[in-house]
>>> print(open('start26.txt').read())   # compact mmCIF, C-alpha atoms
# COMPACT_ATOMS: atom_id res chain seq x y z
CA MET W 1 142.11 94.36 37.71
CA GLU W 2 139.06 93.16 35.85
CA ASN W 3 137.49 95.49 33.31
CA SER W 4 140.49 97.74 32.86
CA PRO W 5 143.72 97.58 30.83
CA GLU W 6 146.59 95.65 32.38
CA VAL W 7 148.79 97.10 35.10
CA ALA W 8 152.21 95.47 35.40
CA VAL W 9 155.02 96.15 37.84
CA LEU W 10 158.64 95.83 36.75
CA ARG W 11 161.14 95.35 39.57
CA LEU W 12 164.55 96.61 38.48
CA GLY W 13 168.01 96.00 39.91
CA HIS W 14 167.28 93.24 42.42
CA ARG W 15 170.41 92.33 44.40
CA PRO W 16 170.39 88.69 45.53
CA GLY W 17 170.27 88.31 49.30
CA ARG W 18 170.10 91.98 50.16
CA ASP W 19 166.86 92.70 48.28
CA GLU W 20 165.10 89.37 48.81
CA ARG W 21 162.45 90.56 51.22
CA MET W 22 161.99 93.95 49.59
CA THR W 23 161.37 92.38 46.19
CA THR W 24 158.97 89.88 47.78
CA HIS W 25 157.09 92.76 49.40
CA VAL W 26 157.02 94.68 46.10
CA GLY W 27 155.48 91.60 44.45
CA LEU W 28 152.95 90.89 47.20
CA THR W 29 151.95 94.54 47.29
CA ALA W 30 151.52 94.62 43.52
CA ARG W 31 149.23 91.56 43.75
CA ALA W 32 147.24 92.70 46.81
CA LEU W 33 146.64 96.22 45.52
CA GLY W 34 145.32 95.48 42.07
CA ALA W 35 148.19 95.03 39.63
CA ASP W 36 147.88 92.13 37.20
CA ARG W 37 151.47 91.12 36.64
CA LEU W 38 154.97 91.32 38.10
CA PHE W 39 158.20 91.17 36.14
CA VAL W 40 161.35 90.23 38.05
CA GLU W 41 164.88 89.34 37.05
CA PRO W 42 166.09 85.72 37.32
CA ALA W 43 168.15 86.67 40.40
CA ALA W 44 164.86 87.21 42.24
CA ALA W 45 163.69 83.61 41.83
CA GLY W 46 163.03 83.31 45.58
CA ALA W 47 160.71 86.29 45.64
CA GLU W 48 159.05 85.05 42.45
CA GLY W 49 158.35 81.71 44.15
CA THR W 50 156.87 83.31 47.26
CA VAL W 51 154.52 85.54 45.27
CA SER W 52 153.40 82.58 43.14
CA GLU W 53 152.70 80.49 46.26
CA VAL W 54 150.61 83.27 47.78
CA THR W 55 148.65 83.51 44.53
CA ASP W 56 148.08 79.73 44.54
CA ARG W 57 146.67 79.90 48.06
CA PHE W 58 144.89 83.25 48.20
CA GLY W 59 143.85 83.62 44.58
CA GLY W 60 144.35 85.74 41.53
CA PRO W 61 144.48 86.38 38.70
CA PHE W 62 148.09 87.51 39.10
CA GLU W 63 151.05 86.58 36.93
CA VAL W 64 154.70 86.53 37.88
CA GLU W 65 157.16 86.53 35.04
CA SER W 66 160.92 86.22 35.08
CA THR W 67 162.79 88.26 32.49
CA ASP W 68 166.45 88.23 31.49
CA SER W 69 166.08 91.67 30.04
CA PRO W 70 164.02 94.15 32.01
CA LYS W 71 165.30 96.85 29.68
CA THR W 72 163.59 95.12 26.78
CA VAL W 73 160.34 94.84 28.73
CA LEU W 74 160.46 98.57 29.36
CA ARG W 75 161.58 99.54 25.85
CA ASP W 76 158.98 97.42 24.08
CA TRP W 77 156.04 98.03 26.42
CA GLU W 78 152.96 98.85 24.39
CA GLY W 79 151.22 101.31 26.62
CA ALA W 80 152.06 103.94 29.21
CA THR W 81 155.07 103.69 31.52
CA CYS W 82 155.79 105.33 34.82
CA HIS W 83 158.73 105.16 37.17
CA LEU W 84 158.45 105.68 40.91
CA THR W 85 161.33 107.79 42.19
CA MET W 86 161.85 110.36 44.93
CA TYR W 87 163.25 112.71 42.26
CA GLY W 88 160.06 112.74 40.20
CA LEU W 89 157.04 114.97 39.97
CA PRO W 90 154.63 114.82 42.94
CA VAL W 91 152.11 111.98 42.53
CA GLN W 92 149.21 114.25 43.46
CA GLY W 93 149.99 116.40 40.42
CA VAL W 94 150.27 113.65 37.80
CA GLU W 95 148.00 110.84 38.99
CA GLY W 96 145.02 112.24 37.10
CA GLU W 97 146.89 112.15 33.76
CA ILE W 98 148.13 108.64 34.43
CA ARG W 99 144.67 107.43 35.42
CA LYS W 100 143.32 108.89 32.21
CA ALA W 101 146.02 107.23 30.09
CA HIS W 102 145.36 103.92 31.83
CA ARG W 103 141.70 104.00 30.86
CA GLU W 104 142.84 103.39 27.31
CA LYS W 105 146.04 101.40 27.51
CA PRO W 106 148.14 99.12 29.70
CA LEU W 107 150.40 100.69 32.30
CA LEU W 108 153.87 99.54 33.30
CA ILE W 109 155.10 100.75 36.70
CA VAL W 110 158.88 100.60 37.20
CA VAL W 111 160.14 100.17 40.77
CA GLY W 112 163.88 100.23 41.30
CA ALA W 113 166.03 98.67 44.01
CA GLU W 114 169.64 99.82 43.55
CA LYS W 115 170.54 102.91 41.55
CA VAL W 116 168.27 103.14 38.50
CA PRO W 117 169.97 103.86 35.13
CA PHE W 118 169.22 107.28 33.71
CA SER W 119 167.85 105.64 30.56
CA VAL W 120 164.85 104.57 32.66
CA TYR W 121 164.14 108.19 33.60
CA GLU W 122 164.30 109.09 29.90
CA ARG W 123 162.10 106.23 28.74
CA ALA W 124 159.34 106.63 31.35
CA ASP W 125 156.34 108.70 30.36
CA TRP W 126 156.20 109.87 33.97
CA ASN W 127 158.81 109.92 36.71
CA LEU W 128 156.82 110.46 39.85
CA GLY W 129 157.43 110.66 43.54
CA VAL W 130 155.15 109.70 46.40
CA THR W 131 156.69 112.61 48.30
CA ASN W 132 160.19 113.72 47.39
CA GLN W 133 161.52 112.15 50.56
CA PRO W 134 163.65 109.02 50.89
CA HIS W 135 161.47 106.19 52.11
CA SER W 136 160.45 102.88 50.56
CA GLU W 137 159.67 101.61 47.09
CA VAL W 138 157.08 99.33 48.67
CA ALA W 139 155.32 102.28 50.30
CA ALA W 140 155.48 104.32 47.09
CA LEU W 141 154.02 101.47 45.04
CA ALA W 142 151.23 100.92 47.57
CA VAL W 143 150.13 104.56 47.69
CA PHE W 144 150.39 104.89 43.92
CA LEU W 145 148.23 101.81 43.24
CA ASP W 146 145.62 102.90 45.81
CA ARG W 147 145.42 106.28 44.09
CA LEU W 148 145.50 104.86 40.55
CA PHE W 149 142.52 102.60 41.30
CA GLU W 150 140.89 105.16 43.62
CA GLY W 151 140.38 102.51 46.29
CA ARG W 152 138.46 100.07 44.08
CA GLU W 153 141.27 97.54 44.49
CA LEU W 154 140.25 97.10 48.13
CA ASP W 155 136.90 95.65 47.09
CA ARG W 156 138.09 93.28 44.39
CA GLU W 157 137.30 89.59 44.47
CA TRP W 158 139.83 86.79 44.17
CA ALA W 159 139.49 83.82 41.85
CA GLY W 160 140.84 80.35 42.53
CA ALA W 161 141.69 80.90 46.22
CA ILE W 162 141.85 77.90 48.53
CA ARG W 163 142.24 80.07 51.64
CA GLN W 164 140.66 83.32 52.69
CA VAL W 165 140.81 85.54 55.73
CA VAL W 166 137.58 86.37 57.51
CA PRO W 167 137.86 90.06 58.46
CA GLU W 168 137.26 90.47 62.20
CA ALA W 169 137.34 93.21 64.83
CA THR W 170 139.44 90.96 67.09
CA GLY W 171 140.60 87.62 65.78
CA LYS W 172 142.67 85.69 63.30
CA THR W 173 140.48 83.49 61.19
CA VAL W 174 141.49 81.88 57.92
CA GLU W 175 139.00 79.58 56.27
CA SER W 176 139.18 77.06 53.44
CA VAL W 177 137.33 77.99 50.31
CA GLU W 178 135.02 75.43 48.71
CA LYS W 179 135.91 74.88 45.09
CA MET L 1 151.72 116.60 61.35
CA GLU L 2 151.29 120.21 62.35
CA ASN L 3 147.93 121.30 63.70
CA SER L 4 146.69 117.84 64.56
CA PRO L 5 147.17 115.45 67.50
CA GLU L 6 150.25 113.26 67.40
CA VAL L 7 150.45 110.13 65.26
CA ALA L 8 153.05 107.61 66.44
CA VAL L 9 154.05 104.29 64.93
CA LEU L 10 155.09 101.39 67.16
CA ARG L 11 157.17 98.72 65.43
CA LEU L 12 156.72 95.40 67.26
CA GLY L 13 158.77 92.21 67.18
CA HIS L 14 161.83 93.36 65.22
CA ARG L 15 164.24 90.48 64.60
CA PRO L 16 167.87 91.64 64.31
CA GLY L 17 169.36 91.03 60.88
CA ARG L 18 166.26 89.61 59.25
CA ASP L 19 164.04 92.68 59.80
CA GLU L 20 166.67 95.39 59.48
CA ARG L 21 165.56 96.81 56.14
CA MET L 22 161.85 96.28 56.76
CA THR L 23 162.01 98.19 60.05
CA THR L 24 164.04 100.93 58.36
CA HIS L 25 161.39 101.18 55.64
CA VAL L 26 158.60 101.24 58.25
CA GLY L 27 160.38 104.14 59.95
CA LEU L 28 161.14 106.10 56.77
CA THR L 29 157.57 105.59 55.56
CA ALA L 30 156.18 106.78 58.90
CA ARG L 31 158.31 109.93 58.63
CA ALA L 32 157.66 110.62 54.93
CA LEU L 33 153.91 110.11 55.15
CA GLY L 34 153.07 112.33 58.09
CA ALA L 35 153.58 110.44 61.35
CA ASP L 36 155.32 112.37 64.13
CA ARG L 37 157.14 109.64 66.00
CA LEU L 38 158.48 106.10 65.71
CA PHE L 39 158.97 103.68 68.58
CA VAL L 40 161.37 100.80 68.02
CA GLU L 41 162.92 98.18 70.26
CA PRO L 42 166.62 98.42 71.18
CA ALA L 43 167.36 95.52 68.79
CA ALA L 44 166.46 97.86 65.94
CA ALA L 45 169.22 100.39 66.71
CA GLY L 46 170.47 100.25 63.11
CA ALA L 47 167.11 101.22 61.68
CA GLU L 48 166.73 103.88 64.36
CA GLY L 49 170.06 105.39 63.30
CA THR L 50 169.15 105.43 59.61
CA VAL L 51 165.81 107.14 60.22
CA SER L 52 167.46 109.73 62.47
CA GLU L 53 170.12 110.46 59.84
CA VAL L 54 167.46 110.96 57.16
CA THR L 55 165.63 113.34 59.49
CA ASP L 56 168.86 115.28 60.14
CA ARG L 57 169.39 115.71 56.39
CA PHE L 58 165.89 116.02 54.96
CA GLY L 59 164.10 117.60 57.90
CA GLY L 60 161.37 117.02 60.41
CA PRO L 61 159.95 117.28 62.93
CA PHE L 62 160.14 113.51 63.45
CA GLU L 63 161.17 111.69 66.59
CA VAL L 64 162.63 108.21 66.87
CA GLU L 65 162.47 106.63 70.28
CA SER L 66 163.90 103.35 71.50
CA THR L 67 161.80 101.47 74.03
CA ASP L 68 162.63 98.42 76.13
CA SER L 69 158.97 97.76 76.59
CA PRO L 70 156.72 98.25 73.57
CA LYS L 71 153.93 96.59 75.55
CA THR L 72 154.07 99.41 78.07
CA VAL L 73 153.97 102.02 75.30
CA LEU L 74 150.83 100.37 73.94
CA ARG L 75 149.19 99.75 77.33
CA ASP L 76 149.75 103.28 78.61
CA TRP L 77 149.06 105.17 75.37
CA GLU L 78 146.74 108.08 76.09
CA GLY L 79 144.73 108.22 72.94
CA ALA L 80 143.43 105.91 70.24
CA THR L 81 145.28 102.79 69.12
CA CYS L 82 145.06 100.78 65.94
CA HIS L 83 146.87 97.69 64.74
CA LEU L 84 147.49 96.93 61.08
CA THR L 85 146.85 93.26 60.35
CA MET L 86 145.57 91.22 57.43
CA TYR L 87 143.04 89.64 59.81
CA GLY L 88 141.40 92.95 60.71
CA LEU L 89 138.41 94.89 59.46
CA PRO L 90 138.77 96.46 56.01
CA VAL L 91 140.43 99.88 56.20
CA GLN L 92 137.81 101.44 53.93
CA GLY L 93 135.15 100.59 56.53
CA VAL L 94 136.88 101.96 59.63
CA GLU L 95 139.10 104.79 58.42
CA GLY L 96 136.34 107.37 58.92
CA GLU L 97 135.93 106.44 62.61
CA ILE L 98 139.68 106.51 63.15
CA ARG L 99 140.03 109.86 61.40
CA LYS L 100 137.28 111.24 63.63
CA ALA L 101 138.93 109.89 66.81
CA HIS L 102 142.25 111.36 65.72
CA ARG L 103 140.77 114.83 65.43
CA GLU L 104 140.54 114.82 69.20
CA LYS L 105 143.35 112.64 70.47
CA PRO L 106 146.74 111.15 69.61
CA LEU L 107 146.83 107.95 67.58
CA LEU L 108 149.22 105.04 68.00
CA ILE L 109 149.59 102.72 64.99
CA VAL L 110 151.02 99.28 65.74
CA VAL L 111 152.91 97.53 62.95
CA GLY L 112 154.14 94.01 63.65
CA ALA L 113 157.06 92.07 62.18
CA GLU L 114 156.98 88.51 63.49
CA LYS L 115 153.81 86.97 64.94
CA VAL L 116 151.98 89.60 66.99
CA PRO L 117 150.77 88.52 70.47
CA PHE L 118 147.01 88.22 70.80
CA SER L 119 147.08 90.76 73.64
CA VAL L 120 147.80 93.41 70.98
CA TYR L 121 144.63 92.47 69.10
CA GLU L 122 142.71 92.81 72.37
CA ARG L 123 144.25 96.12 73.37
CA ALA L 124 143.88 97.86 69.99
CA ASP L 125 140.80 100.01 69.50
CA TRP L 126 140.86 98.89 65.86
CA ASN L 127 142.46 95.92 64.15
CA LEU L 128 142.37 96.82 60.51
CA GLY L 129 143.53 95.39 57.24
CA VAL L 130 144.63 97.17 54.09
CA THR L 131 143.08 94.28 52.19
CA ASN L 132 142.83 90.89 53.90
CA GLN L 133 145.66 89.60 51.72
CA PRO L 134 149.21 88.79 52.79
CA HIS L 135 151.49 91.56 51.57
CA SER L 136 153.67 94.07 53.41
CA GLU L 137 153.48 96.00 56.65
CA VAL L 138 155.26 98.86 54.87
CA ALA L 139 152.57 98.96 52.17
CA ALA L 140 149.78 98.75 54.74
CA LEU L 141 151.25 101.60 56.78
CA ALA L 142 151.70 103.76 53.69
CA VAL L 143 148.13 103.35 52.44
CA PHE L 144 146.73 103.81 55.92
CA LEU L 145 148.63 107.08 56.53
CA ASP L 146 147.67 108.44 53.11
CA ARG L 147 144.03 107.72 53.90
CA LEU L 148 144.22 108.96 57.49
CA PHE L 149 145.58 112.33 56.34
CA GLU L 150 143.53 112.32 53.12
CA GLY L 151 146.60 113.20 51.09
CA ARG L 152 147.50 116.33 53.06
CA GLU L 153 150.76 114.68 54.14
CA LEU L 154 152.00 114.97 50.54
CA ASP L 155 151.97 118.76 50.76
CA ARG L 156 153.61 119.17 54.13
CA GLU L 157 156.72 121.27 54.64
CA TRP L 158 159.91 120.10 56.32
CA ALA L 159 161.75 122.05 59.00
CA GLY L 160 165.50 121.97 59.55
CA ALA L 161 166.41 120.23 56.29
CA ILE L 162 169.89 120.71 54.88
CA ARG L 163 169.06 118.85 51.66
CA GLN L 164 165.98 118.82 49.48
CA VAL L 165 164.99 117.16 46.24
CA VAL L 166 163.84 119.36 43.38
CA PRO L 167 160.91 117.51 41.78
CA GLU L 168 161.52 117.08 38.06
CA ALA L 169 159.92 115.39 35.06
CA THR L 170 163.30 113.86 34.13
CA GLY L 171 166.22 114.36 36.44
CA LYS L 172 167.82 113.76 39.80
CA THR L 173 168.46 117.03 41.54
CA VAL L 174 169.17 117.45 45.22
CA GLU L 175 169.98 120.92 46.48
CA SER L 176 171.39 122.33 49.68
CA VAL L 177 169.01 124.34 51.78
CA GLU L 178 170.12 127.72 53.10
CA LYS L 179 169.72 127.92 56.85
>>> encode(input="start26.txt", output="structure tokens")
Amino acid sequence: MENSPEVAVLRLGHRPGRDERMTTHVGLTARALGADRLFVEPAAAGAEGTVSEVTDRFGGPFEVESTDSPKTVLRDWEGATCHLTMYGLPVQGVEGEIRKAHREKPLLIVVGAEKVPFSVYERADWNLGVTNQPHSEVAALAVFLDRLFEGRELDREWAGAIRQVVPEATGKTVESVEK
Amino acid sequence: MENSPEVAVLRLGHRPGRDERMTTHVGLTARALGADRLFVEPAAAGAEGTVSEVTDRFGGPFEVESTDSPKTVLRDWEGATCHLTMYGLPVQGVEGEIRKAHREKPLLIVVGAEKVPFSVYERADWNLGVTNQPHSEVAALAVFLDRLFEGRELDREWAGAIRQVVPEATGKTVESVEK
């Protein structure tokens, strides 16, 4: 988000077909909840396209980048890195440290699909769990971003949107945005 | 969760095949983040089975219930009802009211898959959005539950588990639980 170092999400291990919707939801969640960039593998081109289309319509800034080598992105990241996993330390115990680190440098958040290589656990500055229960990488990412930004992501503004939803108690209104 | 009125999640409009993993993730997220019960339609039997298996292994209490008539569950719910939708009022504006209502009565959270009938918008006490951006019903449910319970769900204990994860800075340890 504006006025803070970059937050990027790296989606690892996307399996074509099987993970299509999950990777799309990871990407849309990253965008909606304040991350600045999504890295996906070339196999996830469909999800990449959907997230880009949503950004074109509903605004940004948000970048989607395809990478042949997610391992290189992780290895060479200049900043802090964390990996969301049910085996990690409880989020409520480490979020303060991560928030503090992110005040000074970019943060890369790794979100796995299939089994994540142990090298990722070793490389990450933090392996953290949003609970130590099996649930959903989309849910974990959402809760983590909301806690990282302490809710400020819910009030952000969107640039370059051509459509926006009008929040309503009962209704479904989408309006065009004047450029 | 213990010591508070029930929170149930009603998954609406599940499409066999297409929504299998999303409904499973809705159910696992509901369980992991403090809800007490999940209602799904019979078409979602696969997801129902997966969530029940996770509960058998990692503990509860958490109920999964199949219903032929989700509309009846919603209509006859004795308590408060809210519906997560990108068209609704911002969560940060209404979560306090919902939290207050839930101190006194059970809460039903409706999470749609395909297009949700307008009757649901009319029946819900609150239509609320975790942002007014298109993203993921799993993400919306996760952030909403974390805010509803103000993080207490992360510290809950699990009854009847036969497996539990040992949180670690770097590692993947699951241990058997002595009965």
>>> calpha_fit_and_write(input="start26.txt", fixed="chain W", moving="chain L", output="CSV table (one decimal) with C-alpha atoms, in the coordinates of the input")
chain,number,residue,atom,x,y,z
L,1,MET,CA,142.1,94.4,37.7
L,2,GLU,CA,139.1,93.2,35.8
L,3,ASN,CA,137.5,95.5,33.3
L,4,SER,CA,140.5,97.7,32.9
L,5,PRO,CA,143.7,97.6,30.8
L,6,GLU,CA,146.6,95.6,32.4
L,7,VAL,CA,148.8,97.1,35.1
L,8,ALA,CA,152.2,95.5,35.4
L,9,VAL,CA,155.0,96.2,37.8
L,10,LEU,CA,158.7,95.8,36.7
L,11,ARG,CA,161.1,95.4,39.6
L,12,LEU,CA,164.6,96.6,38.5
L,13,GLY,CA,168.0,96.0,39.9
L,14,HIS,CA,167.3,93.2,42.4
L,15,ARG,CA,170.4,92.3,44.4
L,16,PRO,CA,170.4,88.7,45.5
L,17,GLY,CA,170.3,88.3,49.3
L,18,ARG,CA,170.1,92.0,50.2
L,19,ASP,CA,166.8,92.7,48.3
L,20,GLU,CA,165.1,89.4,48.8
L,21,ARG,CA,162.4,90.6,51.2
L,22,MET,CA,162.0,94.0,49.6
L,23,THR,CA,161.4,92.4,46.2
L,24,THR,CA,159.0,89.9,47.8
L,25,HIS,CA,157.1,92.8,49.4
L,26,VAL,CA,157.0,94.7,46.1
L,27,GLY,CA,155.5,91.6,44.5
L,28,LEU,CA,152.9,90.9,47.2
L,29,THR,CA,151.9,94.5,47.3
L,30,ALA,CA,151.5,94.6,43.5
L,31,ARG,CA,149.2,91.6,43.8
L,32,ALA,CA,147.2,92.7,46.8
L,33,LEU,CA,146.6,96.2,45.5
L,34,GLY,CA,145.3,95.5,42.1
L,35,ALA,CA,148.2,95.0,39.6
L,36,ASP,CA,147.9,92.1,37.2
L,37,ARG,CA,151.5,91.1,36.6
L,38,LEU,CA,155.0,91.3,38.1
L,39,PHE,CA,158.2,91.2,36.2
L,40,VAL,CA,161.3,90.2,38.1
L,41,GLU,CA,164.9,89.3,37.1
L,42,PRO,CA,166.1,85.7,37.3
L,43,ALA,CA,168.1,86.7,40.4
L,44,ALA,CA,164.9,87.2,42.2
L,45,ALA,CA,163.7,83.6,41.8
L,46,GLY,CA,163.0,83.3,45.6
L,47,ALA,CA,160.7,86.3,45.6
L,48,GLU,CA,159.0,85.0,42.5
L,49,GLY,CA,158.3,81.7,44.2
L,50,THR,CA,156.9,83.3,47.3
L,51,VAL,CA,154.5,85.5,45.3
L,52,SER,CA,153.4,82.6,43.2
L,53,GLU,CA,152.7,80.5,46.3
L,54,VAL,CA,150.6,83.3,47.8
L,55,THR,CA,148.7,83.5,44.5
L,56,ASP,CA,148.1,79.7,44.5
L,57,ARG,CA,146.7,79.9,48.1
L,58,PHE,CA,144.9,83.2,48.2
L,59,GLY,CA,143.9,83.6,44.6
L,60,GLY,CA,144.3,85.7,41.5
L,61,PRO,CA,144.5,86.4,38.7
L,62,PHE,CA,148.1,87.5,39.1
L,63,GLU,CA,151.0,86.6,36.9
L,64,VAL,CA,154.7,86.5,37.9
L,65,GLU,CA,157.2,86.5,35.0
L,66,SER,CA,160.9,86.2,35.1
L,67,THR,CA,162.8,88.3,32.5
L,68,ASP,CA,166.4,88.2,31.5
L,69,SER,CA,166.1,91.7,30.1
L,70,PRO,CA,164.0,94.2,32.0
L,71,LYS,CA,165.3,96.9,29.7
L,72,THR,CA,163.6,95.1,26.8
L,73,VAL,CA,160.3,94.8,28.7
L,74,LEU,CA,160.4,98.6,29.4
L,75,ARG,CA,161.6,99.5,25.8
L,76,ASP,CA,159.0,97.4,24.1
L,77,TRP,CA,156.0,98.0,26.4
L,78,GLU,CA,152.9,98.9,24.4
L,79,GLY,CA,151.2,101.3,26.6
L,80,ALA,CA,152.0,103.9,29.2
L,81,THR,CA,155.1,103.7,31.5
L,82,CYS,CA,155.8,105.4,34.8
L,83,HIS,CA,158.7,105.2,37.2
L,84,LEU,CA,158.4,105.7,40.9
L,85,THR,CA,161.3,107.8,42.2
L,86,MET,CA,161.8,110.4,44.9
L,87,TYR,CA,163.3,112.7,42.3
L,88,GLY,CA,160.1,112.8,40.2
L,89,LEU,CA,157.0,115.0,40.0
L,90,PRO,CA,154.6,114.8,42.9
L,91,VAL,CA,152.1,112.0,42.5
L,92,GLN,CA,149.2,114.2,43.5
L,93,GLY,CA,150.0,116.4,40.4
L,94,VAL,CA,150.3,113.6,37.8
L,95,GLU,CA,148.0,110.8,39.0
L,96,GLY,CA,145.0,112.2,37.1
L,97,GLU,CA,146.9,112.1,33.8
L,98,ILE,CA,148.1,108.6,34.4
L,99,ARG,CA,144.7,107.4,35.4
L,100,LYS,CA,143.3,108.9,32.2
L,101,ALA,CA,146.0,107.2,30.1
L,102,HIS,CA,145.4,103.9,31.8
L,103,ARG,CA,141.7,104.0,30.9
L,104,GLU,CA,142.8,103.4,27.3
L,105,LYS,CA,146.0,101.4,27.5
L,106,PRO,CA,148.1,99.1,29.7
L,107,LEU,CA,150.4,100.7,32.3
L,108,LEU,CA,153.9,99.5,33.3
L,109,ILE,CA,155.1,100.8,36.7
L,110,VAL,CA,158.9,100.6,37.2
L,111,VAL,CA,160.1,100.2,40.8
L,112,GLY,CA,163.9,100.2,41.3
L,113,ALA,CA,166.0,98.7,44.0
L,114,GLU,CA,169.6,99.8,43.5
L,115,LYS,CA,170.5,102.9,41.5
L,116,VAL,CA,168.3,103.1,38.5
L,117,PRO,CA,170.0,103.9,35.1
L,118,PHE,CA,169.2,107.3,33.7
L,119,SER,CA,167.9,105.6,30.5
L,120,VAL,CA,164.8,104.6,32.7
L,121,TYR,CA,164.1,108.2,33.6
L,122,GLU,CA,164.3,109.1,29.9
L,123,ARG,CA,162.1,106.2,28.7
L,124,ALA,CA,159.3,106.6,31.3
L,125,ASP,CA,156.3,108.7,30.4
L,126,TRP,CA,156.2,109.9,34.0
L,127,ASN,CA,158.8,109.9,36.7
L,128,LEU,CA,156.8,110.5,39.8
L,129,GLY,CA,157.4,110.7,43.5
L,130,VAL,CA,155.2,109.7,46.4
L,131,THR,CA,156.7,112.6,48.3
L,132,ASN,CA,160.2,113.7,47.4
L,133,GLN,CA,161.5,112.2,50.6
L,134,PRO,CA,163.7,109.0,50.9
L,135,HIS,CA,161.5,106.2,52.1
L,136,SER,CA,160.4,102.9,50.6
L,137,GLU,CA,159.7,101.6,47.1
L,138,VAL,CA,157.1,99.3,48.7
L,139,ALA,CA,155.3,102.3,50.3
L,140,ALA,CA,155.5,104.3,47.1
L,141,LEU,CA,154.0,101.5,45.1
L,142,ALA,CA,151.2,100.9,47.6
L,143,VAL,CA,150.1,104.6,47.7
L,144,PHE,CA,150.4,104.9,43.9
L,145,LEU,CA,148.2,101.8,43.3
L,146,ASP,CA,145.6,102.9,45.8
L,147,ARG,CA,145.4,106.3,44.1
L,148,LEU,CA,145.5,104.9,40.6
L,149,PHE,CA,142.5,102.6,41.3
L,150,GLU,CA,140.9,105.2,43.6
L,151,GLY,CA,140.4,102.5,46.3
L,152,ARG,CA,138.5,100.1,44.1
L,153,GLU,CA,141.3,97.5,44.5
L,154,LEU,CA,140.2,97.1,48.1
L,155,ASP,CA,136.9,95.7,47.1
L,156,ARG,CA,138.1,93.3,44.4
L,157,GLU,CA,137.3,89.6,44.4
L,158,TRP,CA,139.8,86.8,44.2
L,159,ALA,CA,139.5,83.8,41.8
L,160,GLY,CA,140.9,80.3,42.5
L,161,ALA,CA,141.7,80.9,46.2
L,162,ILE,CA,141.8,77.9,48.5
L,163,ARG,CA,142.2,80.0,51.6
L,164,GLN,CA,140.7,83.3,52.7
L,165,VAL,CA,140.8,85.5,55.7
L,166,VAL,CA,137.6,86.4,57.5
L,167,PRO,CA,137.9,90.0,58.5
L,168,GLU,CA,137.3,90.5,62.2
L,169,ALA,CA,137.3,93.2,64.8
L,170,THR,CA,139.4,91.0,67.1
L,171,GLY,CA,140.6,87.6,65.8
L,172,LYS,CA,142.7,85.7,63.3
L,173,THR,CA,140.5,83.5,61.2
L,174,VAL,CA,141.5,81.9,57.9
L,175,GLU,CA,139.0,79.6,56.3
L,176,SER,CA,139.2,77.1,53.4
L,177,VAL,CA,137.3,78.0,50.3
L,178,GLU,CA,135.0,75.4,48.7
L,179,LYS,CA,135.9,74.9,45.1
>>> closest_residue(input="start26.txt", among="W:His102, W:Arg152, W:Arg163, W:Lys172", to="chain L", atoms="all atoms listed in the file")
W:Lys172
>>> interface_residues(input="start26.txt", of="chain L", to="chain W", cutoff="7 Å", atoms="all atoms listed in the file", output="PDB file with C-alpha atoms, keeping the file's coordinate frame")
ATOM      1  CA  HIS L  25     161.390 101.180  55.640  1.00  0.00           C
ATOM      2  CA  LEU L  28     161.140 106.100  56.770  1.00  0.00           C
ATOM      3  CA  THR L  29     157.570 105.590  55.560  1.00  0.00           C
ATOM      4  CA  ALA L  32     157.660 110.620  54.930  1.00  0.00           C
ATOM      5  CA  TYR L  87     143.040  89.640  59.810  1.00  0.00           C
ATOM      6  CA  GLY L  88     141.400  92.950  60.710  1.00  0.00           C
ATOM      7  CA  LEU L  89     138.410  94.890  59.460  1.00  0.00           C
ATOM      8  CA  PRO L  90     138.770  96.460  56.010  1.00  0.00           C
ATOM      9  CA  TYR L 121     144.630  92.470  69.100  1.00  0.00           C
ATOM     10  CA  GLU L 122     142.710  92.810  72.370  1.00  0.00           C
ATOM     11  CA  TRP L 126     140.860  98.890  65.860  1.00  0.00           C
ATOM     12  CA  ASN L 127     142.460  95.920  64.150  1.00  0.00           C
ATOM     13  CA  THR L 131     143.080  94.280  52.190  1.00  0.00           C
ATOM     14  CA  ASN L 132     142.830  90.890  53.900  1.00  0.00           C
ATOM     15  CA  GLN L 133     145.660  89.600  51.720  1.00  0.00           C
ATOM     16  CA  HIS L 135     151.490  91.560  51.570  1.00  0.00           C
ATOM     17  CA  SER L 136     153.670  94.070  53.410  1.00  0.00           C
ATOM     18  CA  VAL L 138     155.260  98.860  54.870  1.00  0.00           C
ATOM     19  CA  ALA L 139     152.570  98.960  52.170  1.00  0.00           C
ATOM     20  CA  ALA L 142     151.700 103.760  53.690  1.00  0.00           C
ATOM     21  CA  VAL L 143     148.130 103.350  52.440  1.00  0.00           C
ATOM     22  CA  LEU L 154     152.000 114.970  50.540  1.00  0.00           C
ATOM     23  CA  VAL L 165     164.990 117.160  46.240  1.00  0.00           C
ATOM     24  CA  VAL L 166     163.840 119.360  43.380  1.00  0.00           C
ATOM     25  CA  PRO L 167     160.910 117.510  41.780  1.00  0.00           C
ATOM     26  CA  GLU L 168     161.520 117.080  38.060  1.00  0.00           C
ATOM     27  CA  ALA L 169     159.920 115.390  35.060  1.00  0.00           C
ATOM     28  CA  THR L 170     163.300 113.860  34.130  1.00  0.00           C
ATOM     29  CA  GLY L 171     166.220 114.360  36.440  1.00  0.00           C
ATOM     30  CA  LYS L 172     167.820 113.760  39.800  1.00  0.00           C
ATOM     31  CA  THR L 173     168.460 117.030  41.540  1.00  0.00           C
TER      32      THR L 173
END
>>> atom_distance(input="start26.txt", atom1="atom CA of Asp68 of chain W", atom2="atom CA of Gly34 of chain W")
24.7 Å
>>> residues_near_point(input="start26.txt", point="(162.5, 101.5, 73.2)", cutoff="8 Å", atoms="all atoms listed in the file", output="list in words")
Phe39, Val40, Glu41, Pro42, Glu65, Ser66, Thr67, Asp68, Ser69 and Pro70 of chain L
